Every structure is written in C-alpha cells, then in structure tokens.
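Raw entry02.tsv, TSV, C-alpha atoms and all ligand atoms:
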chain	number	residue	atom	x	y	z
P	28	MET	CA	53.84	-97.57	-70.22
P	29	LYS	CA	55.17	-96.12	-73.47
P	30	GLY	CA	58.87	-96.83	-73.79
P	31	LYS	CA	58.80	-99.61	-71.18
P	32	VAL	CA	60.05	-103.08	-72.01
P	33	CYS	CA	58.23	-105.98	-70.33
P	34	VAL	CA	58.82	-109.73	-70.20
P	35	VAL	CA	55.82	-111.91	-69.35
P	36	THR	CA	56.30	-115.65	-68.77
P	37	GLY	CA	53.41	-118.06	-69.12
P	38	ALA	CA	51.91	-115.57	-71.54
P	39	THR	CA	50.18	-118.17	-73.72
P	40	SER	CA	47.23	-118.67	-71.40
P	41	GLY	CA	45.15	-117.36	-68.52
P	42	ILE	CA	46.51	-114.61	-66.31
P	43	GLY	CA	49.74	-114.15	-68.24
P	44	GLU	CA	48.03	-113.69	-71.58
P	45	VAL	CA	45.61	-111.09	-70.23
P	46	ALA	CA	48.50	-109.23	-68.60
P	47	ALA	CA	50.60	-109.29	-71.79
P	48	ILE	CA	47.70	-107.94	-73.88
P	49	ASP	CA	46.97	-105.23	-71.33
P	50	LEU	CA	50.61	-104.09	-71.17
P	51	ALA	CA	50.74	-103.92	-74.97
P	52	ARG	CA	47.51	-101.90	-75.04
P	53	ARG	CA	49.13	-99.43	-72.64
P	54	GLY	CA	51.97	-98.88	-75.11
P	55	ALA	CA	54.71	-101.07	-73.63
P	56	ARG	CA	56.96	-103.30	-75.71
P	57	VAL	CA	56.00	-106.79	-74.60
P	58	LEU	CA	58.16	-109.89	-74.90
P	59	ILE	CA	56.08	-112.99	-74.32
P	60	VAL	CA	57.43	-116.35	-73.20
P	61	GLY	CA	55.68	-119.69	-73.72
P	62	ARG	CA	56.68	-123.32	-74.13
P	63	SER	CA	54.69	-124.06	-77.28
P	64	ALA	CA	55.63	-122.39	-80.58
P	65	GLU	CA	52.06	-122.75	-81.79
P	66	ARG	CA	50.48	-121.14	-78.73
P	67	CYS	CA	53.16	-118.42	-78.73
P	68	ALA	CA	52.25	-117.56	-82.33
P	69	ALA	CA	48.54	-117.35	-81.45
P	70	THR	CA	49.17	-115.17	-78.39
P	71	LEU	CA	51.66	-113.01	-80.27
P	72	GLU	CA	48.94	-112.22	-82.78
P	73	ARG	CA	46.56	-111.12	-80.01
P	74	VAL	CA	49.25	-109.06	-78.27
P	75	ARG	CA	50.22	-107.48	-81.58
P	76	GLN	CA	46.64	-106.45	-82.23
P	77	ALA	CA	46.55	-104.84	-78.79
P	78	ALA	CA	49.74	-102.98	-79.72
P	79	GLY	CA	47.93	-101.49	-82.71
P	80	GLY	CA	49.48	-103.95	-85.16
P	81	ASP	CA	53.04	-102.65	-84.72
P	82	PRO	CA	55.28	-105.75	-85.06
P	83	SER	CA	58.25	-104.01	-83.42
P	84	MET	CA	56.31	-103.78	-80.13
P	85	THR	CA	55.97	-107.51	-79.49
P	86	GLU	CA	58.10	-110.60	-79.75
P	87	SER	CA	57.77	-114.16	-78.59
P	88	PHE	CA	60.28	-116.57	-77.10
P	89	VAL	CA	59.77	-120.30	-76.82
P	90	ALA	CA	61.28	-121.96	-73.74
P	91	ASP	CA	60.41	-124.79	-71.40
P	92	LEU	CA	61.04	-123.01	-68.13
P	93	SER	CA	61.32	-126.23	-66.16
P	94	SER	CA	64.66	-126.76	-67.91
P	95	GLN	CA	67.57	-124.72	-66.59
P	96	ALA	CA	69.39	-124.83	-69.93
P	97	GLU	CA	66.28	-123.36	-71.56
P	98	VAL	CA	66.01	-120.62	-68.94
P	99	ARG	CA	69.65	-119.68	-69.54
P	100	ARG	CA	69.16	-119.71	-73.31
P	101	LEU	CA	66.02	-117.59	-72.94
P	102	ALA	CA	67.83	-114.98	-70.85
P	103	ASP	CA	70.63	-114.84	-73.42
P	104	GLU	CA	68.14	-114.44	-76.27
P	105	ILE	CA	66.28	-111.67	-74.47
P	106	GLY	CA	69.66	-110.00	-73.87
P	107	LYS	CA	70.27	-110.02	-77.63
P	108	ARG	CA	66.90	-108.41	-78.34
P	109	CYS	CA	66.94	-105.57	-75.82
P	110	ASP	CA	69.41	-103.56	-73.80
P	111	ARG	CA	67.17	-102.98	-70.80
P	112	LEU	CA	64.11	-104.31	-69.08
P	113	ASP	CA	61.56	-102.41	-67.00
P	114	ILE	CA	59.10	-105.15	-66.00
P	115	LEU	CA	59.65	-108.85	-65.40
P	116	LEU	CA	56.42	-110.71	-64.73
P	117	ASN	CA	57.28	-114.22	-63.52
P	118	ASN	CA	53.96	-115.95	-64.01
P	119	ALA	CA	54.43	-119.38	-65.63
P	120	GLY	CA	53.46	-122.17	-63.28
P	121	GLY	CA	51.68	-125.42	-62.83
P	122	MET	CA	50.62	-128.15	-60.43
P	123	PHE	CA	51.38	-131.83	-60.95
P	124	LEU	CA	49.14	-134.37	-59.30
P	125	ALA	CA	51.68	-137.17	-59.85
P	126	ARG	CA	55.37	-136.64	-59.16
P	127	GLU	CA	57.37	-135.73	-62.27
P	128	GLU	CA	60.96	-134.66	-62.79
P	129	SER	CA	62.35	-131.98	-65.05
P	130	ALA	CA	65.09	-132.49	-67.66
P	131	ASP	CA	67.54	-131.67	-64.85
P	132	GLY	CA	66.10	-134.42	-62.64
P	133	ILE	CA	64.45	-131.94	-60.27
P	134	GLU	CA	60.90	-132.34	-58.97
P	135	MET	CA	58.78	-130.54	-61.57
P	136	THR	CA	56.79	-128.14	-59.35
P	137	LEU	CA	59.94	-126.87	-57.69
P	138	ALA	CA	61.76	-126.64	-61.03
P	139	LEU	CA	59.02	-124.76	-62.85
P	140	ASN	CA	57.31	-122.70	-60.17
P	141	HIS	CA	60.30	-121.64	-58.10
P	142	LEU	CA	63.69	-122.36	-59.69
P	143	SER	CA	62.69	-120.80	-63.03
P	144	TYR	CA	61.70	-117.55	-61.25
P	145	PHE	CA	65.00	-117.63	-59.35
P	146	LEU	CA	67.25	-118.36	-62.32
P	147	LEU	CA	65.51	-116.20	-64.92
P	148	THR	CA	65.37	-113.18	-62.62
P	149	ASP	CA	69.02	-113.38	-61.73
P	150	ARG	CA	70.12	-113.92	-65.33
P	151	LEU	CA	68.05	-110.89	-66.42
P	152	LEU	CA	69.39	-108.70	-63.64
P	153	PRO	CA	71.87	-106.74	-65.77
P	154	LEU	CA	68.98	-105.76	-68.06
P	155	LEU	CA	66.74	-104.89	-65.11
P	156	LYS	CA	69.51	-102.72	-63.65
P	157	ALA	CA	69.64	-100.88	-66.96
P	158	GLY	CA	65.86	-100.30	-66.81
P	159	ALA	CA	64.12	-97.34	-65.23
P	160	ALA	CA	63.18	-98.33	-61.66
P	161	ALA	CA	62.50	-101.84	-62.89
P	162	ARG	CA	59.80	-103.95	-61.29
P	163	ILE	CA	59.90	-107.68	-60.69
P	164	VAL	CA	56.43	-109.13	-60.17
P	165	ASN	CA	56.17	-112.74	-59.01
P	166	VAL	CA	52.85	-114.55	-59.24
P	167	ALA	CA	52.55	-116.63	-56.06
P	168	SER	CA	49.34	-117.85	-54.43
P	169	ASP	CA	47.44	-117.88	-51.15
P	170	ALA	CA	48.07	-121.64	-51.37
P	171	HIS	CA	51.40	-120.76	-49.71
P	172	ARG	CA	49.58	-120.35	-46.38
P	173	GLY	CA	49.47	-124.07	-45.65
P	174	GLY	CA	52.91	-124.69	-47.13
P	175	ARG	CA	56.31	-125.28	-45.58
P	176	ILE	CA	59.75	-125.68	-47.07
P	177	ASP	CA	60.86	-129.24	-46.41
P	178	PHE	CA	64.62	-128.72	-46.34
P	179	ASP	CA	65.21	-132.43	-45.59
P	180	ASP	CA	63.34	-133.46	-48.72
P	181	ILE	CA	62.57	-130.36	-50.80
P	182	GLN	CA	61.95	-132.52	-53.87
P	183	LEU	CA	59.38	-134.57	-51.94
P	184	ARG	CA	60.93	-137.89	-52.92
P	185	ARG	CA	59.56	-139.63	-49.85
P	186	ASN	CA	56.07	-138.29	-49.53
P	187	TYR	CA	54.85	-136.57	-52.69
P	188	GLY	CA	51.53	-134.81	-52.93
P	189	GLY	CA	50.63	-132.46	-55.81
P	190	TRP	CA	48.99	-129.92	-53.52
P	191	ARG	CA	51.87	-130.13	-50.99
P	192	ALA	CA	54.41	-129.54	-53.75
P	193	TYR	CA	52.37	-126.63	-55.07
P	194	GLN	CA	51.99	-125.04	-51.62
P	195	GLN	CA	55.73	-125.38	-51.03
P	196	SER	CA	56.55	-123.81	-54.42
P	197	LYS	CA	54.23	-120.86	-53.85
P	198	LEU	CA	55.70	-120.30	-50.39
P	199	ALA	CA	59.10	-120.38	-52.11
P	200	ASN	CA	57.88	-117.64	-54.51
P	201	ILE	CA	57.19	-115.33	-51.59
P	202	LEU	CA	60.36	-116.17	-49.63
P	203	PHE	CA	62.33	-115.58	-52.84
P	204	THR	CA	60.58	-112.26	-53.51
P	205	PHE	CA	61.26	-110.93	-50.02
P	206	GLU	CA	64.90	-112.04	-50.02
P	207	LEU	CA	65.34	-110.56	-53.50
P	208	ALA	CA	63.83	-107.26	-52.35
P	209	ARG	CA	66.28	-107.15	-49.43
P	210	ARG	CA	69.22	-107.90	-51.70
P	211	LEU	CA	68.12	-105.30	-54.26
P	212	GLU	CA	67.81	-102.51	-51.70
P	213	GLY	CA	69.38	-99.33	-53.03
P	214	THR	CA	69.29	-100.42	-56.68
P	215	GLY	CA	65.89	-98.87	-57.46
P	216	ILE	CA	64.57	-102.27	-58.58
P	217	THR	CA	61.49	-103.47	-56.73
P	218	ALA	CA	60.24	-107.03	-56.19
P	219	ASN	CA	56.71	-107.92	-55.10
P	220	ALA	CA	54.60	-111.07	-55.02
P	221	LEU	CA	50.87	-111.56	-55.41
P	222	HIS	CA	47.92	-113.88	-55.21
P	223	PRO	CA	45.70	-113.57	-58.30
P	224	GLY	CA	42.59	-115.14	-56.74
P	225	PHE	CA	40.93	-118.43	-57.71
P	226	VAL	CA	40.96	-117.93	-61.47
P	227	ARG	CA	39.24	-119.87	-64.27
P	228	THR	CA	42.17	-120.66	-66.57
P	229	ARG	CA	43.72	-123.74	-68.20
P	230	PHE	CA	45.56	-124.34	-64.91
P	231	PHE	CA	43.24	-127.16	-63.85
P	232	GLN	CA	42.57	-128.68	-67.25
P	233	ASP	CA	44.80	-131.74	-66.87
P	234	PHE	CA	43.52	-132.63	-63.40
P	235	THR	CA	41.84	-136.00	-63.43
P	236	GLY	CA	39.97	-138.22	-60.96
P	237	TRP	CA	37.83	-136.92	-58.14
P	238	VAL	CA	40.30	-134.11	-57.34
P	239	GLY	CA	40.01	-132.88	-60.91
P	240	PHE	CA	36.24	-133.19	-60.85
P	241	ILE	CA	35.86	-131.18	-57.64
P	242	ILE	CA	38.34	-128.47	-58.65
P	243	LYS	CA	36.79	-128.04	-62.08
P	244	LEU	CA	33.34	-127.87	-60.56
P	245	GLY	CA	34.58	-125.36	-57.99
P	246	ALA	CA	36.22	-123.28	-60.72
P	247	ARG	CA	32.97	-123.19	-62.68
P	248	VAL	CA	31.03	-122.00	-59.65
P	249	ALA	CA	33.43	-119.86	-57.66
P	250	ALA	CA	36.41	-118.78	-59.76
P	251	ILE	CA	36.87	-115.35	-61.27
P	252	GLY	CA	37.69	-114.84	-64.96
P	253	PRO	CA	41.26	-114.30	-66.21
P	254	GLU	CA	40.69	-110.55	-66.69
P	255	ALA	CA	39.94	-110.14	-62.97
P	256	GLY	CA	42.69	-112.64	-62.16
P	257	ALA	CA	45.30	-110.54	-63.96
P	258	ARG	CA	44.35	-107.31	-62.24
P	259	THR	CA	46.89	-107.44	-59.40
P	260	SER	CA	49.73	-108.46	-61.75
P	261	ILE	CA	48.93	-105.50	-64.00
P	262	TYR	CA	48.57	-103.18	-61.01
P	263	LEU	CA	52.02	-104.11	-59.69
P	264	ALA	CA	53.55	-103.80	-63.14
P	265	THR	CA	52.04	-100.43	-64.01
P	266	SER	CA	50.55	-98.45	-61.15
P	267	PRO	CA	52.29	-95.28	-59.92
P	268	GLU	CA	50.80	-96.13	-56.49
P	269	VAL	CA	53.40	-98.88	-56.03
P	270	GLU	CA	56.39	-96.98	-57.31
P	271	GLY	CA	59.24	-97.74	-54.91
P	272	VAL	CA	57.15	-100.28	-52.98
P	273	THR	CA	59.11	-103.48	-52.55
P	274	GLY	CA	59.10	-106.73	-50.60
P	275	ARG	CA	55.34	-106.91	-50.23
P	276	TYR	CA	52.61	-109.45	-50.95
P	277	PHE	CA	49.45	-108.23	-52.68
P	278	VAL	CA	45.93	-109.58	-52.98
P	279	LYS	CA	43.25	-107.65	-54.90
P	280	CYS	CA	45.73	-104.81	-55.51
P	281	ARG	CA	46.31	-104.32	-51.78
P	282	PRO	CA	49.30	-105.26	-49.62
P	283	VAL	CA	48.41	-107.98	-47.12
P	284	ASN	CA	50.42	-110.03	-44.66
P	285	PRO	CA	51.42	-113.43	-46.03
P	286	SER	CA	51.96	-116.39	-43.68
P	287	PRO	CA	54.48	-116.05	-40.83
P	288	ARG	CA	56.61	-118.78	-42.48
P	289	SER	CA	56.95	-116.69	-45.64
P	290	ARG	CA	58.37	-113.83	-43.58
P	291	ASP	CA	61.06	-115.87	-41.88
P	292	ARG	CA	64.37	-114.41	-42.96
P	293	ALA	CA	66.50	-117.43	-42.03
P	294	THR	CA	64.26	-119.68	-44.15
P	295	ALA	CA	64.51	-117.24	-47.07
P	296	GLU	CA	68.31	-117.14	-46.86
P	297	ARG	CA	68.51	-120.93	-46.63
P	298	LEU	CA	66.18	-121.34	-49.61
P	299	TRP	CA	68.28	-118.86	-51.57
P	300	ARG	CA	71.46	-120.89	-50.94
P	301	LEU	CA	69.68	-124.13	-51.83
P	302	SER	CA	68.30	-122.57	-55.03
P	303	GLU	CA	71.85	-121.58	-55.97
P	304	GLU	CA	72.96	-125.16	-55.40
P	305	LEU	CA	70.08	-126.67	-57.37
P	306	THR	CA	70.65	-124.36	-60.32
P	307	GLY	CA	74.46	-124.41	-60.08
P	308	HIS	CA	74.19	-120.64	-60.32
P	309	ALA	CA	75.85	-118.21	-57.93
P	310	ALA	CA	73.37	-115.35	-57.93
P	311	ALA	CA	74.59	-111.96	-59.09
P	312	VAL	CA	72.46	-110.30	-56.36
P	313	ARG	CA	74.43	-110.97	-53.22
E	401	LIG	N1	44.35	-120.16	-61.69
E	401	LIG	C1	44.37	-119.97	-60.38
E	401	LIG	O1	43.36	-120.12	-59.68
E	401	LIG	C2	45.65	-119.53	-59.71
E	401	LIG	C3	45.59	-119.26	-58.32
E	401	LIG	C4	46.74	-118.86	-57.68
E	401	LIG	C5	47.92	-118.71	-58.40
E	401	LIG	N2	47.97	-118.99	-59.73
E	401	LIG	C6	49.23	-118.85	-60.44
E	401	LIG	O2	49.05	-118.04	-61.58
E	401	LIG	C7	50.06	-118.33	-62.55
E	401	LIG	C8	49.43	-118.44	-63.93
E	401	LIG	O3	48.50	-119.51	-63.92
E	401	LIG	P1	47.16	-119.56	-64.79
E	401	LIG	O4	46.06	-119.79	-63.85
E	401	LIG	O5	47.11	-118.40	-65.73
E	401	LIG	O6	47.40	-120.95	-65.53
E	401	LIG	P2	47.43	-121.38	-67.08
E	401	LIG	O7	46.26	-120.86	-67.80
E	401	LIG	O8	47.65	-122.86	-67.04
E	401	LIG	O9	48.75	-120.67	-67.61
E	401	LIG	C9	50.02	-121.12	-67.22
E	401	LIG	C10	51.04	-120.60	-68.19
E	401	LIG	O10	52.32	-121.16	-67.83
E	401	LIG	C11	52.87	-121.80	-68.99
E	401	LIG	N3	53.70	-122.94	-68.64
E	401	LIG	C12	53.34	-124.08	-68.01
E	401	LIG	N4	54.37	-124.92	-67.94
E	401	LIG	C13	55.43	-124.30	-68.55
E	401	LIG	C14	56.76	-124.65	-68.82
E	401	LIG	N5	57.26	-125.85	-68.45
E	401	LIG	N6	57.55	-123.78	-69.46
E	401	LIG	C15	57.08	-122.57	-69.86
E	401	LIG	N7	55.82	-122.18	-69.64
E	401	LIG	C16	55.00	-123.04	-69.00
E	401	LIG	C17	51.64	-122.27	-69.76
E	401	LIG	O11	52.01	-122.58	-71.09
E	401	LIG	P3	50.99	-123.42	-72.05
E	401	LIG	O12	50.09	-122.40	-72.67
E	401	LIG	O13	51.92	-124.07	-73.01
E	401	LIG	O14	50.26	-124.41	-71.18
E	401	LIG	C18	50.77	-121.04	-69.63
E	401	LIG	O15	51.18	-120.03	-70.52
E	401	LIG	C19	50.76	-119.60	-62.05
E	401	LIG	O16	52.00	-119.24	-61.47
E	401	LIG	C20	49.81	-120.13	-60.97
E	401	LIG	O17	50.50	-120.86	-59.97
E	401	LIG	C21	46.84	-119.40	-60.41

Please rewrite the model in this file as structure tokens.
Ligand SMILES: NC(=O)c1ccc[n+]([C@@H]2O[C@H](COP(=O)([O-])OP(=O)(O)OC[C@H]3O[C@@H](n4cnc5c(N)ncnc54)[C@H](OP(=O)(O)O)[C@@H]3O)[C@@H](O)[C@H]2O)c1
Amino acid sequence: MKGKVCVVTGATSGIGEVAAIDLARRGARVLIVGRSAERCAATLERVRQAAGGDPSMTESFVADLSSQAEVRRLADEIGKRCDRLDILLNNAGGMFLAREESADGIEMTLALNHLSYFLLTDRLLPLLKAGAAARIVNVASDAHRGGRIDFDDIQLRRNYGGWRAYQQSKLANILFTFELARRLEGTGITANALHPGFVRTRFFQDFTGWVGFIIKLGARVAAIGPEAGARTSIYLATSPEVEGVTGRYFVKCRPVNPSPRSRDRATAERLWRLSEELTGHAAAVR
C-alpha cells in the first residue's frame, strides 16, 4: 500500500479505526474523518504510531457527515491536501431509535448513512480518477435484506422506526454501490459494498430501553471484535484478489448475493435521481 492515499470516514471508532490503523501499518497515507476534534486527535495519534511516527503519512479532518455543507467542505479540504486518491472507505454510520433530522432537515439515518456516501464519493471523484485504479468501498450491512426503499415516504415521516430506517439506508448503500459501479465502467475505478458482521463497537452504545438492553446483551455474547469486523473492509481496500472486481457485495471477504431488491436496476436509478434531488447535486458520474 506504499504510495497509496486513503480516506476513511468514521475512523474515530470501531471498524473504521481498525481499518485506518491497518492501512497506515501497510504504508499507505491515511486521511481520517471524524465528527469530534477530540476523538480525531486520539485516533490520529494511534494511526500515526502505526505509520511509524511519520506525521506526513496521516491527517485528520473534522466533519459532521450528516450535514451536506460539511461534506462539501470536507471534499474541498481533502482536495487541497492531495492531488489523487486511491481508496475511499465510506464507513461512518449510525442508527437512530427516535426520528431525528439533520441540519438540512433530512431524516438523520438517510442523511448520514446514504446521502453522505453519495455526496462525498461524487465530490471526490476527480481525485479518485487521478488515483491508480482507485477503489470505493462502502460499508453496508446484511440488515439491508429486510429493507425496502419507500419512495413515497423515504424520510419515514409517517411511520418511523429506527430499524426500518437503518435497513432502508443499508439497502440504499448497496443500490448506490451497484449503480456507481455501472456508471464508472471503463474508468478503472471499482466500487464494492460489504457487510462487516455483527461487531462489538460503539454503534449500540446510545441504545436505551429494552431494545438497547437486548442488543447490548446480544453484542456481548455473539458479536465479533472490531479487528474481525474490519477484515472485509481492509480486504476490499488492499487485496490484489479483488483488483478490477466491481459492483459486488462481500461478506467475510467473499462475494455473496445481496437481496433481490438491492439488485433491481430501476430502483437503483430512481434512488440515484432522488439522491441528486435531496443533495441538490447533479452527480459528475452520469
Ligand atoms: N457494528 C455492527 O454490528 C455493524 C453491522 C453492520 C454494519 N455496520 C456498519 O459499520 C459502519 C461502522 O460502524 P461501527 O460499528 O464501527 O460503529 P461505531 O463504533 O459507532 O463507529 C461509527 C463511526 O461513524 C462516526 N460517525 C457517526 N455519526 C457521524 C456523523 N454525523 N458525522 C461523521 N461521523 C460520524 C462515529 O464518530 P464518533 O466517534 O464521533 O461517534 C464513528 O467514527 C457503519 O456504517 C455501520 O452501519 C456495523
């Protein structure tokens, strides 16, 4: 990975932090993104140590990715710090038991988990095109299997459920990845999605009530650690085995079939157009 430039979002915890440290250890220049300056500083220190202490090999960027203005600013800042990008690991995400809205007035799960992947990727595209066979890796989830895109009420104003919103957003990650891969055909850039497994991270820490109790108990008993949880992300970002492989969904470092809904091209195209509308951004990848 020497000479490669990587961006990792959600790098201040869990899967993203393990991936960022691993990429640095392999010799890549790693740009980490987090929403808290304090946590970014702590992670940056760990990533820097993995990079052998060389400060030029790591940098951190603070941005709340649920805000479109922040995503745009982040892409501009990254553009000022490097002239190409080889790996984009879209990993930041969350689940919100009660309905919340982002600074742009968009349902939070959709804003953070899907629209930030969509907007950041497209804004970084010129840098990715300048990279060497750049790879876009989108962290999705097997939670997508029960999900559907509710085009009549994608922001779930009428009937919100945290799990429903999360399933929809993770289905959107896969639909987006596949549509992106189709649109990037011939550019040399690949786009793949993955399920990391049920992973013991800070993801569930704010869950309260009986749902929180059960999930936290389940995580203690059945979840894998963040090192194992980051394995497929790292595999897709680094392995020569997946060079040129694009438009696939991976679990445990193997391509598997995601749900039939996630493979529906008309749904993917419709979601793409809606994502353009919701971000007010005409994608550069056409
Ligand atoms: N854990 C699982 O079992 C599991 C299963 C399937 C898929 N996933 C997916 O894996 C990805 C990583 O999750 P994780 O388990 O590693 O969770 P995590 O430990 O909670 O890490 C999430 C990361 O996203 C960042 N983040 C959250 N909201 C943000 C915002 N508004 N702006 C910018 N960054 C924000 C967090 O920042 P802070 O450090 O500031 O909180 C953190 O760095 C997510 O996309 C999740 O959907 C997880």

Write out as a PyMOL selection string the residues lying within 8 Å of region 40-52 of chain P, counting all atoms listed in the file and excluding same-chain residues fewer than 6 positions away. chain P and resi 28+33+59+70+73-75+77-79+84-85+118-119+227-230+253-254+256-258+260-261

Mind listing the residues within 8 Å of ligand LIG 401 (chain E), only C-alpha atoms and all ligand atoms counted, as a PDB file with C-alpha atoms, in the coordinates of the input?
ATOM      1  CA  THR P  36      56.300-115.650 -68.770  1.00  0.00           C
ATOM      2  CA  GLY P  37      53.410-118.060 -69.120  1.00  0.00           C
ATOM      3  CA  ALA P  38      51.910-115.570 -71.540  1.00  0.00           C
ATOM      4  CA  THR P  39      50.180-118.170 -73.720  1.00  0.00           C
ATOM      5  CA  SER P  40      47.230-118.670 -71.400  1.00  0.00           C
ATOM      6  CA  GLY P  41      45.150-117.360 -68.520  1.00  0.00           C
ATOM      7  CA  ILE P  42      46.510-114.610 -66.310  1.00  0.00           C
ATOM      8  CA  GLY P  43      49.740-114.150 -68.240  1.00  0.00           C
ATOM      9  CA  GLU P  44      48.030-113.690 -71.580  1.00  0.00           C
ATOM     10  CA  VAL P  60      57.430-116.350 -73.200  1.00  0.00           C
ATOM     11  CA  GLY P  61      55.680-119.690 -73.720  1.00  0.00           C
ATOM     12  CA  ARG P  62      56.680-123.320 -74.130  1.00  0.00           C
ATOM     13  CA  SER P  63      54.690-124.060 -77.280  1.00  0.00           C
ATOM     14  CA  ARG P  66      50.480-121.140 -78.730  1.00  0.00           C
ATOM     15  CA  CYS P  67      53.160-118.420 -78.730  1.00  0.00           C
ATOM     16  CA  VAL P  89      59.770-120.300 -76.820  1.00  0.00           C
ATOM     17  CA  ALA P  90      61.280-121.960 -73.740  1.00  0.00           C
ATOM     18  CA  ASP P  91      60.410-124.790 -71.400  1.00  0.00           C
ATOM     19  CA  LEU P  92      61.040-123.010 -68.130  1.00  0.00           C
ATOM     20  CA  SER P  93      61.320-126.230 -66.160  1.00  0.00           C
ATOM     21  CA  SER P  94      64.660-126.760 -67.910  1.00  0.00           C
ATOM     22  CA  ASN P 117      57.280-114.220 -63.520  1.00  0.00           C
ATOM     23  CA  ASN P 118      53.960-115.950 -64.010  1.00  0.00           C
ATOM     24  CA  ALA P 119      54.430-119.380 -65.630  1.00  0.00           C
ATOM     25  CA  GLY P 120      53.460-122.170 -63.280  1.00  0.00           C
ATOM     26  CA  GLY P 121      51.680-125.420 -62.830  1.00  0.00           C
ATOM     27  CA  MET P 122      50.620-128.150 -60.430  1.00  0.00           C
ATOM     28  CA  LEU P 139      59.020-124.760 -62.850  1.00  0.00           C
ATOM     29  CA  ASN P 140      57.310-122.700 -60.170  1.00  0.00           C
ATOM     30  CA  VAL P 166      52.850-114.550 -59.240  1.00  0.00           C
ATOM     31  CA  ALA P 167      52.550-116.630 -56.060  1.00  0.00           C
ATOM     32  CA  SER P 168      49.340-117.850 -54.430  1.00  0.00           C
ATOM     33  CA  ASP P 169      47.440-117.880 -51.150  1.00  0.00           C
ATOM     34  CA  ALA P 170      48.070-121.640 -51.370  1.00  0.00           C
ATOM     35  CA  TYR P 193      52.370-126.630 -55.070  1.00  0.00           C
ATOM     36  CA  LYS P 197      54.230-120.860 -53.850  1.00  0.00           C
ATOM     37  CA  HIS P 222      47.920-113.880 -55.210  1.00  0.00           C
ATOM     38  CA  PRO P 223      45.700-113.570 -58.300  1.00  0.00           C
ATOM     39  CA  GLY P 224      42.590-115.140 -56.740  1.00  0.00           C
ATOM     40  CA  PHE P 225      40.930-118.430 -57.710  1.00  0.00           C
ATOM     41  CA  VAL P 226      40.960-117.930 -61.470  1.00  0.00           C
ATOM     42  CA  ARG P 227      39.240-119.870 -64.270  1.00  0.00           C
ATOM     43  CA  THR P 228      42.170-120.660 -66.570  1.00  0.00           C
ATOM     44  CA  ARG P 229      43.720-123.740 -68.200  1.00  0.00           C
ATOM     45  CA  PHE P 230      45.560-124.340 -64.910  1.00  0.00           C
ATOM     46  CA  PHE P 231      43.240-127.160 -63.850  1.00  0.00           C
ATOM     47  CA  GLN P 232      42.570-128.680 -67.250  1.00  0.00           C
ATOM     48  CA  ALA P 246      36.220-123.280 -60.720  1.00  0.00           C
ATOM     49  CA  ALA P 250      36.410-118.780 -59.760  1.00  0.00           C
ATOM     50  CA  PRO P 253      41.260-114.300 -66.210  1.00  0.00           C
ATOM     51  CA  GLY P 256      42.690-112.640 -62.160  1.00  0.00           C
TER      52      GLY P 256
END

Listed atoms of region 112-127 of chain P, axis-aligned box, 6 Å per side: centre and edge lengths to one decimal in Å, as JSON?
{"center_x": 56.6, "center_y": -119.8, "center_z": -64.1, "size_x": 27.0, "size_y": 46.8, "size_z": 21.9}

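Atom pair CA of Cys280 (chain P) / CA of Ala249 (chain P) has a distance of 19.6 Å (rounded to one decimal).
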
Using all atoms listed in the file, which of the listed residues (P:Leu142, P:Val238, P:Met135, P:Ala208) sits closest to Ala192 (chain P)? P:Met135

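Contact shell of Lys29 (chain P) at 9 Å (only C-alpha atoms; same-chain neighbours under 4 positions omitted): P:Arg53, P:Gly54, P:Ala55, P:Arg56.
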
Dump C-alpha atoms for the selected residues as a CSV table (one decimal), in the coordinates of the input?
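Wrote result.csv, looks like this:
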chain,number,residue,atom,x,y,z
P,53,ARG,CA,49.1,-99.4,-72.6
P,54,GLY,CA,52.0,-98.9,-75.1
P,55,ALA,CA,54.7,-101.1,-73.6
P,56,ARG,CA,57.0,-103.3,-75.7

Would you compute the distance between CA of Thr273 (chain P) and CA of Phe205 (chain P)? Give it in Å to one decimal. 8.2 Å

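You will find CA of Ala199 (chain P) at 7.8 Å from CA of Ser289 (chain P).
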
For each of P:Val248, P:Leu151, P:Leu207, P:Ile133, take the minimum atom-to-atom distance to Leu115 (chain P), counting all atoms listed in the file, then give the residue where this is smallest. P:Leu151

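For the choices P:Thr148, P:Thr214, P:Thr265, P:Thr235, the atom-to-atom distance to Asn200 (chain P) is smallest for P:Thr148 when using all atoms listed in the file.
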
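Among P:Arg300, P:Arg292, P:Arg275, P:Arg313, the residue with the shortest atom-to-atom distance to Thr204 (chain P), counting all atoms listed in the file, is P:Arg275.
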
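Counting all atoms listed in the file, the residue from P:Leu301, P:Leu183, P:Ala264, P:Leu221 that sits nearest to Val278 (chain P) is P:Leu221.
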
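Of the residues under consideration (P:Phe123, P:Tyr144, P:Tyr262, P:Tyr187), P:Phe123 shows the shortest atom-to-atom contact distance to Phe234 (chain P) when counting all atoms listed in the file.
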
List the spatial neighbours of Asp110 (chain P) as an MDAnalysis selection string - criterion: any atom at most 12 Å away, all atoms listed in the file, same-chain residues fewer than 5 positions off excluded. chainID P and resid 31:33 102:105 151:159
